[in-house]
Amino acid sequence: MLKVEVWRGTRQGRFQSFDVPRREHQTILDVVTEIQREQDATLAYRFACRVGMCGSCAMTVNGRPRWTCRTRVAEVVGRDNRLRLEPLPNFTVVKDLAVEMTGFFDKWRDAKGYFEPGGHAGEGFAVVSPTTPQRQAADAGIECIGCGICYAACDVVAWEPDYLGPAALNRAWTLVNDVRDAGNAERMAAVAAASGCQACHVHMNCTEFCPKGLAPTYAIAGLKRETIARALGRRN
Ligand code: SF4
Ligand code: SF4
Ligand code: FES
């Protein structure tokens, strides 16, 4: 049996204990789903794809933020078979294990983390060679699934709630390197502001915990370099 403690409530609440049979190849999301289906239908949590694509299932598991659909129980429990499940830190808790993501995605918008096509569409498809440094820098960060794990793991987000955070800045860096995009003047102004890339203290938590193996820390370093280059007049 697994001894599972699950956070119940919002900011105020308590842990509730459940016993859940341990099974082969069981994921953390399987455990939560079994509790909700078999023991307490009022337990709130979120998931969609179950295959590491949608980014909606992240929780704190034994003290560390993780994607629960791709985290096997065997990876995280010790000999005591104990699991402690909590909502992600740095987010407002909606209920139990489900958090409010609006502020997180508002920061993507604030970092101009969306493609800006410019005044008119080009003829046909843009051809961007996969071997160029810019394309490779963009590709390195493009597989973000918006799970919020990096954001939950970032101490600067905890200290400075206005900090744009690693995911939004990583997205901004992919667009800075997208040669088709026409919005870099506004984007660089947004990410160079006090709540932007300069606030990163290079703790590396985001890069250590990202389940997709991305490196927001390096993306943010790229934004810092770009900010300096622009300040020195080396960019348009
Ligand atoms: S490297 Fe920067 S963005 Fe990443 S966790 Fe540390 S302070 Fe936050
Ligand atoms: S950068 Fe990684 S940890 Fe952060 S939201 Fe994207 S996939 Fe999740
Ligand atoms: S349920 Fe979609 S990433 Fe886990």
# chains A, B, ... in the order shown; residues from 1 in each chain; ligands from 1

$ residues_near_ligand --ligand "ligand 3" --cutoff "6 Å" --atoms "only C-alpha atoms and all ligand atoms" --output "PyMOL selection string"
chain A and resi 47-57+67-69

$ residues_near_ligand --ligand "ligand 2" --cutoff "6 Å" --atoms "only C-alpha atoms and all ligand atoms" --output "PyMOL selection string"
chain A and resi 144-150+167+210-212+214+216

$ closest_atom_pairs --of "chain A" --to "ligand 1" --cutoff "10 Å" --atoms "only C-alpha atoms and all ligand atoms" --output "JSON lines"
{"residue": "A:Ile149", "atom": "CA", "partner": "ligand 1", "partner_atom_place_in_ligand_line": "5 (S)", "distance": 9.8}
{"residue": "A:Cys150", "atom": "CA", "partner": "ligand 1", "partner_atom_place_in_ligand_line": "5 (S)", "distance": 6.4}
{"residue": "A:Tyr151", "atom": "CA", "partner": "ligand 1", "partner_atom_place_in_ligand_line": "8 (Fe)", "distance": 7.1}
{"residue": "A:Ala152", "atom": "CA", "partner": "ligand 1", "partner_atom_place_in_ligand_line": "5 (S)", "distance": 8.6}
{"residue": "A:Ala153", "atom": "CA", "partner": "ligand 1", "partner_atom_place_in_ligand_line": "5 (S)", "distance": 6.0}
{"residue": "A:Cys154", "atom": "CA", "partner": "ligand 1", "partner_atom_place_in_ligand_line": "5 (S)", "distance": 3.8}
{"residue": "A:Asp155", "atom": "CA", "partner": "ligand 1", "partner_atom_place_in_ligand_line": "8 (Fe)", "distance": 5.9}
{"residue": "A:Val156", "atom": "CA", "partner": "ligand 1", "partner_atom_place_in_ligand_line": "7 (S)", "distance": 5.2}
{"residue": "A:Val157", "atom": "CA", "partner": "ligand 1", "partner_atom_place_in_ligand_line": "8 (Fe)", "distance": 6.7}
{"residue": "A:Ala158", "atom": "CA", "partner": "ligand 1", "partner_atom_place_in_ligand_line": "8 (Fe)", "distance": 9.3}
{"residue": "A:Tyr163", "atom": "CA", "partner": "ligand 1", "partner_atom_place_in_ligand_line": "3 (S)", "distance": 8.9}
{"residue": "A:Leu164", "atom": "CA", "partner": "ligand 1", "partner_atom_place_in_ligand_line": "3 (S)", "distance": 8.6}
{"residue": "A:Gly165", "atom": "CA", "partner": "ligand 1", "partner_atom_place_in_ligand_line": "3 (S)", "distance": 5.4}
{"residue": "A:Pro166", "atom": "CA", "partner": "ligand 1", "partner_atom_place_in_ligand_line": "3 (S)", "distance": 4.2}
{"residue": "A:Ala167", "atom": "CA", "partner": "ligand 1", "partner_atom_place_in_ligand_line": "3 (S)", "distance": 7.9}
{"residue": "A:Ala168", "atom": "CA", "partner": "ligand 1", "partner_atom_place_in_ligand_line": "3 (S)", "distance": 9.6}
{"residue": "A:Leu169", "atom": "CA", "partner": "ligand 1", "partner_atom_place_in_ligand_line": "3 (S)", "distance": 8.1}
{"residue": "A:Asn170", "atom": "CA", "partner": "ligand 1", "partner_atom_place_in_ligand_line": "3 (S)", "distance": 9.0}
{"residue": "A:Gly196", "atom": "CA", "partner": "ligand 1", "partner_atom_place_in_ligand_line": "3 (S)", "distance": 9.6}
{"residue": "A:Cys197", "atom": "CA", "partner": "ligand 1", "partner_atom_place_in_ligand_line": "2 (Fe)", "distance": 8.0}
{"residue": "A:Gln198", "atom": "CA", "partner": "ligand 1", "partner_atom_place_in_ligand_line": "2 (Fe)", "distance": 9.0}
{"residue": "A:Ala199", "atom": "CA", "partner": "ligand 1", "partner_atom_place_in_ligand_line": "7 (S)", "distance": 7.3}
{"residue": "A:Cys200", "atom": "CA", "partner": "ligand 1", "partner_atom_place_in_ligand_line": "2 (Fe)", "distance": 3.9}
{"residue": "A:His201", "atom": "CA", "partner": "ligand 1", "partner_atom_place_in_ligand_line": "7 (S)", "distance": 4.3}
{"residue": "A:Val202", "atom": "CA", "partner": "ligand 1", "partner_atom_place_in_ligand_line": "1 (S)", "distance": 3.6}
{"residue": "A:His203", "atom": "CA", "partner": "ligand 1", "partner_atom_place_in_ligand_line": "6 (Fe)", "distance": 3.4}
{"residue": "A:Met204", "atom": "CA", "partner": "ligand 1", "partner_atom_place_in_ligand_line": "1 (S)", "distance": 3.9}
{"residue": "A:Asn205", "atom": "CA", "partner": "ligand 1", "partner_atom_place_in_ligand_line": "5 (S)", "distance": 4.2}
{"residue": "A:Cys206", "atom": "CA", "partner": "ligand 1", "partner_atom_place_in_ligand_line": "5 (S)", "distance": 4.2}
{"residue": "A:Thr207", "atom": "CA", "partner": "ligand 1", "partner_atom_place_in_ligand_line": "4 (Fe)", "distance": 6.3}
{"residue": "A:Glu208", "atom": "CA", "partner": "ligand 1", "partner_atom_place_in_ligand_line": "5 (S)", "distance": 8.5}
{"residue": "A:Phe209", "atom": "CA", "partner": "ligand 1", "partner_atom_place_in_ligand_line": "5 (S)", "distance": 9.0}
{"residue": "A:Cys210", "atom": "CA", "partner": "ligand 1", "partner_atom_place_in_ligand_line": "4 (Fe)", "distance": 9.8}
{"residue": "A:Ala215", "atom": "CA", "partner": "ligand 1", "partner_atom_place_in_ligand_line": "4 (Fe)", "distance": 8.4}
{"residue": "A:Pro216", "atom": "CA", "partner": "ligand 1", "partner_atom_place_in_ligand_line": "4 (Fe)", "distance": 6.1}
{"residue": "A:Thr217", "atom": "CA", "partner": "ligand 1", "partner_atom_place_in_ligand_line": "1 (S)", "distance": 4.4}
{"residue": "A:Tyr218", "atom": "CA", "partner": "ligand 1", "partner_atom_place_in_ligand_line": "1 (S)", "distance": 8.1}
{"residue": "A:Ala219", "atom": "CA", "partner": "ligand 1", "partner_atom_place_in_ligand_line": "3 (S)", "distance": 9.3}
{"residue": "A:Ile220", "atom": "CA", "partner": "ligand 1", "partner_atom_place_in_ligand_line": "3 (S)", "distance": 7.2}
{"residue": "A:Ala221", "atom": "CA", "partner": "ligand 1", "partner_atom_place_in_ligand_line": "1 (S)", "distance": 8.9}

$ residues_around --residues "stretch 70-86 of chain A" --least-positions-apart "5" --cutoff "9 Å" --atoms "only C-alpha atoms" --output "NGL selection string"
:A and (1-8 or 15 or 22-29 or 31-32 or 50-52 or 59-63 or 65 or 96-97 or 211)

$ select_by_dssp --residues "stretch 156-227 of chain A" --states "alpha helix (DSSP H)" --output "PyMOL selection string"
chain A and resi 156-159+166-176+184-192+205-209+216-227

$ closest_residue --among "A:Ala189, A:Glu100, A:Gln39, A:Leu175" --to "A:Ile228" --atoms "only C-alpha atoms"
A:Ala189

$ residues_around --residues "A:Asp139" --least-positions-apart "6" --cutoff "12 Å" --atoms "only C-alpha atoms" --output "PDB file with all heavy atoms, in the first residue's frame"
ATOM      1  N   VAL A 128      13.283  28.634 -43.550  1.00  0.00           N
ATOM      2  CA  VAL A 128      14.275  28.967 -42.527  1.00  0.00           C
ATOM      3  C   VAL A 128      15.176  27.758 -42.356  1.00  0.00           C
ATOM      4  O   VAL A 128      14.730  26.700 -41.883  1.00  0.00           O
ATOM      5  CB  VAL A 128      13.599  29.325 -41.180  1.00  0.00           C
ATOM      6  CG1 VAL A 128      14.648  29.745 -40.161  1.00  0.00           C
ATOM      7  CG2 VAL A 128      12.558  30.417 -41.373  1.00  0.00           C
ATOM      8  N   SER A 129      16.417  27.894 -42.727  1.00  0.00           N
ATOM      9  CA  SER A 129      17.327  26.756 -42.659  1.00  0.00           C
ATOM     10  C   SER A 129      17.494  26.262 -41.222  1.00  0.00           C
ATOM     11  O   SER A 129      17.740  27.060 -40.314  1.00  0.00           O
ATOM     12  CB  SER A 129      18.700  27.154 -43.213  1.00  0.00           C
ATOM     13  OG  SER A 129      19.636  26.132 -42.904  1.00  0.00           O
ATOM     14  N   PRO A 130      17.367  24.947 -41.005  1.00  0.00           N
ATOM     15  CA  PRO A 130      17.537  24.416 -39.648  1.00  0.00           C
ATOM     16  C   PRO A 130      18.962  24.492 -39.128  1.00  0.00           C
ATOM     17  O   PRO A 130      19.200  24.242 -37.948  1.00  0.00           O
ATOM     18  CB  PRO A 130      17.077  22.951 -39.780  1.00  0.00           C
ATOM     19  CG  PRO A 130      17.114  22.641 -41.216  1.00  0.00           C
ATOM     20  CD  PRO A 130      16.969  23.912 -41.973  1.00  0.00           C
ATOM     21  N   THR A 131      19.908  24.870 -39.978  1.00  0.00           N
ATOM     22  CA  THR A 131      21.306  24.901 -39.530  1.00  0.00           C
ATOM     23  C   THR A 131      21.749  26.275 -39.044  1.00  0.00           C
ATOM     24  O   THR A 131      22.864  26.421 -38.543  1.00  0.00           O
ATOM     25  CB  THR A 131      22.248  24.462 -40.672  1.00  0.00           C
ATOM     26  OG1 THR A 131      22.068  25.367 -41.763  1.00  0.00           O
ATOM     27  CG2 THR A 131      21.943  23.042 -41.115  1.00  0.00           C
ATOM     28  N   THR A 132      20.929  27.294 -39.197  1.00  0.00           N
ATOM     29  CA  THR A 132      21.367  28.626 -38.762  1.00  0.00           C
ATOM     30  C   THR A 132      21.361  28.709 -37.233  1.00  0.00           C
ATOM     31  O   THR A 132      20.524  28.079 -36.570  1.00  0.00           O
ATOM     32  CB  THR A 132      20.442  29.724 -39.314  1.00  0.00           C
ATOM     33  OG1 THR A 132      19.130  29.505 -38.806  1.00  0.00           O
ATOM     34  CG2 THR A 132      20.417  29.715 -40.832  1.00  0.00           C
ATOM     35  N   PRO A 133      22.238  29.499 -36.628  1.00  0.00           N
ATOM     36  CA  PRO A 133      22.266  29.634 -35.160  1.00  0.00           C
ATOM     37  C   PRO A 133      20.936  30.134 -34.602  1.00  0.00           C
ATOM     38  O   PRO A 133      20.479  29.685 -33.553  1.00  0.00           O
ATOM     39  CB  PRO A 133      23.384  30.641 -34.910  1.00  0.00           C
ATOM     40  CG  PRO A 133      24.244  30.565 -36.119  1.00  0.00           C
ATOM     41  CD  PRO A 133      23.348  30.227 -37.271  1.00  0.00           C
ATOM     42  N   ASN A 170      11.529  32.313 -21.724  1.00  0.00           N
ATOM     43  CA  ASN A 170      11.977  31.300 -22.683  1.00  0.00           C
ATOM     44  C   ASN A 170      11.216  31.432 -23.998  1.00  0.00           C
ATOM     45  O   ASN A 170      11.790  31.367 -25.091  1.00  0.00           O
ATOM     46  CB  ASN A 170      11.760  29.901 -22.091  1.00  0.00           C
ATOM     47  CG  ASN A 170      12.120  28.794 -23.060  1.00  0.00           C
ATOM     48  OD1 ASN A 170      13.291  28.539 -23.329  1.00  0.00           O
ATOM     49  ND2 ASN A 170      11.102  28.146 -23.629  1.00  0.00           N
ATOM     50  N   ARG A 171       9.917  31.657 -23.891  1.00  0.00           N
ATOM     51  CA  ARG A 171       9.090  31.832 -25.095  1.00  0.00           C
ATOM     52  C   ARG A 171       9.522  33.090 -25.856  1.00  0.00           C
ATOM     53  O   ARG A 171       9.635  33.079 -27.089  1.00  0.00           O
ATOM     54  CB  ARG A 171       7.623  31.922 -24.695  1.00  0.00           C
ATOM     55  CG  ARG A 171       6.685  32.200 -25.834  1.00  0.00           C
ATOM     56  CD  ARG A 171       6.641  31.042 -26.824  1.00  0.00           C
ATOM     57  NE  ARG A 171       5.772  31.350 -27.946  1.00  0.00           N
ATOM     58  CZ  ARG A 171       5.994  30.955 -29.184  1.00  0.00           C
ATOM     59  NH1 ARG A 171       7.071  30.231 -29.484  1.00  0.00           N
ATOM     60  NH2 ARG A 171       5.157  31.250 -30.140  1.00  0.00           N
ATOM     61  N   TRP A 173      12.427  34.383 -25.962  1.00  0.00           N
ATOM     62  CA  TRP A 173      13.723  34.130 -26.622  1.00  0.00           C
ATOM     63  C   TRP A 173      13.542  33.328 -27.911  1.00  0.00           C
ATOM     64  O   TRP A 173      14.230  33.570 -28.899  1.00  0.00           O
ATOM     65  CB  TRP A 173      14.642  33.412 -25.649  1.00  0.00           C
ATOM     66  CG  TRP A 173      16.016  33.091 -26.182  1.00  0.00           C
ATOM     67  CD1 TRP A 173      16.598  31.858 -26.250  1.00  0.00           C
ATOM     68  CD2 TRP A 173      17.001  34.007 -26.694  1.00  0.00           C
ATOM     69  NE1 TRP A 173      17.860  31.942 -26.772  1.00  0.00           N
ATOM     70  CE2 TRP A 173      18.138  33.250 -27.056  1.00  0.00           C
ATOM     71  CE3 TRP A 173      17.011  35.383 -26.887  1.00  0.00           C
ATOM     72  CZ2 TRP A 173      19.281  33.838 -27.598  1.00  0.00           C
ATOM     73  CZ3 TRP A 173      18.159  35.970 -27.441  1.00  0.00           C
ATOM     74  CH2 TRP A 173      19.274  35.201 -27.784  1.00  0.00           C
ATOM     75  N   THR A 174      12.607  32.381 -27.919  1.00  0.00           N
ATOM     76  CA  THR A 174      12.370  31.636 -29.173  1.00  0.00           C
ATOM     77  C   THR A 174      11.901  32.607 -30.261  1.00  0.00           C
ATOM     78  O   THR A 174      12.280  32.461 -31.430  1.00  0.00           O
ATOM     79  CB  THR A 174      11.318  30.510 -29.010  1.00  0.00           C
ATOM     80  OG1 THR A 174      10.034  31.065 -28.721  1.00  0.00           O
ATOM     81  CG2 THR A 174      11.712  29.521 -27.944  1.00  0.00           C
ATOM     82  N   LEU A 175      11.111  33.598 -29.885  1.00  0.00           N
ATOM     83  CA  LEU A 175      10.593  34.541 -30.883  1.00  0.00           C
ATOM     84  C   LEU A 175      11.645  35.559 -31.301  1.00  0.00           C
ATOM     85  O   LEU A 175      11.675  35.983 -32.461  1.00  0.00           O
ATOM     86  CB  LEU A 175       9.350  35.238 -30.328  1.00  0.00           C
ATOM     87  CG  LEU A 175       8.138  34.295 -30.257  1.00  0.00           C
ATOM     88  CD1 LEU A 175       7.112  34.802 -29.274  1.00  0.00           C
ATOM     89  CD2 LEU A 175       7.518  34.125 -31.639  1.00  0.00           C
ATOM     90  N   VAL A 176      12.513  35.964 -30.354  1.00  0.00           N
ATOM     91  CA  VAL A 176      13.614  36.859 -30.718  1.00  0.00           C
ATOM     92  C   VAL A 176      14.458  36.210 -31.819  1.00  0.00           C
ATOM     93  O   VAL A 176      14.989  36.886 -32.707  1.00  0.00           O
ATOM     94  CB  VAL A 176      14.478  37.184 -29.474  1.00  0.00           C
ATOM     95  CG1 VAL A 176      15.808  37.821 -29.857  1.00  0.00           C
ATOM     96  CG2 VAL A 176      13.702  38.097 -28.530  1.00  0.00           C
ATOM     97  N   ASN A 177      14.537  34.882 -31.791  1.00  0.00           N
ATOM     98  CA  ASN A 177      15.344  34.157 -32.773  1.00  0.00           C
ATOM     99  C   ASN A 177      14.553  33.681 -33.988  1.00  0.00           C
ATOM    100  O   ASN A 177      15.110  32.981 -34.845  1.00  0.00           O
ATOM    101  CB  ASN A 177      16.013  32.965 -32.089  1.00  0.00           C
ATOM    102  CG  ASN A 177      17.166  33.405 -31.228  1.00  0.00           C
ATOM    103  OD1 ASN A 177      18.224  33.776 -31.722  1.00  0.00           O
ATOM    104  ND2 ASN A 177      16.942  33.427 -29.915  1.00  0.00           N
ATOM    105  N   ASP A 178      13.279  34.034 -34.035  1.00  0.00           N
ATOM    106  CA  ASP A 178      12.446  33.640 -35.171  1.00  0.00           C
ATOM    107  C   ASP A 178      12.562  34.719 -36.247  1.00  0.00           C
ATOM    108  O   ASP A 178      12.032  35.827 -36.082  1.00  0.00           O
ATOM    109  CB  ASP A 178      10.993  33.466 -34.702  1.00  0.00           C
ATOM    110  CG  ASP A 178      10.114  32.856 -35.780  1.00  0.00           C
ATOM    111  OD1 ASP A 178      10.400  33.080 -36.984  1.00  0.00           O
ATOM    112  OD2 ASP A 178       9.149  32.160 -35.426  1.00  0.00           O
ATOM    113  N   LEU A 214      14.207  21.508 -21.294  1.00  0.00           N
ATOM    114  CA  LEU A 214      14.561  22.836 -21.826  1.00  0.00           C
ATOM    115  C   LEU A 214      15.451  23.562 -20.823  1.00  0.00           C
ATOM    116  O   LEU A 214      15.572  23.157 -19.666  1.00  0.00           O
ATOM    117  CB  LEU A 214      13.302  23.656 -22.106  1.00  0.00           C
ATOM    118  CG  LEU A 214      12.242  22.999 -22.990  1.00  0.00           C
ATOM    119  CD1 LEU A 214      11.142  23.985 -23.315  1.00  0.00           C
ATOM    120  CD2 LEU A 214      12.851  22.432 -24.254  1.00  0.00           C
ATOM    121  N   ALA A 215      16.047  24.645 -21.285  1.00  0.00           N
ATOM    122  CA  ALA A 215      16.975  25.389 -20.435  1.00  0.00           C
ATOM    123  C   ALA A 215      16.592  26.871 -20.414  1.00  0.00           C
ATOM    124  O   ALA A 215      17.259  27.705 -21.035  1.00  0.00           O
ATOM    125  CB  ALA A 215      18.406  25.214 -20.928  1.00  0.00           C
ATOM    126  N   ALA A 219      18.086  30.612 -22.122  1.00  0.00           N
ATOM    127  CA  ALA A 219      17.257  31.534 -22.903  1.00  0.00           C
ATOM    128  C   ALA A 219      17.298  32.926 -22.275  1.00  0.00           C
ATOM    129  O   ALA A 219      17.427  33.943 -22.979  1.00  0.00           O
ATOM    130  CB  ALA A 219      15.822  31.013 -22.960  1.00  0.00           C
TER     131      ALA A 219
END

$ atom_distance --atom1 "atom CA of A:Thr33" --atom2 "atom CA of A:Val20"
10.6 Å
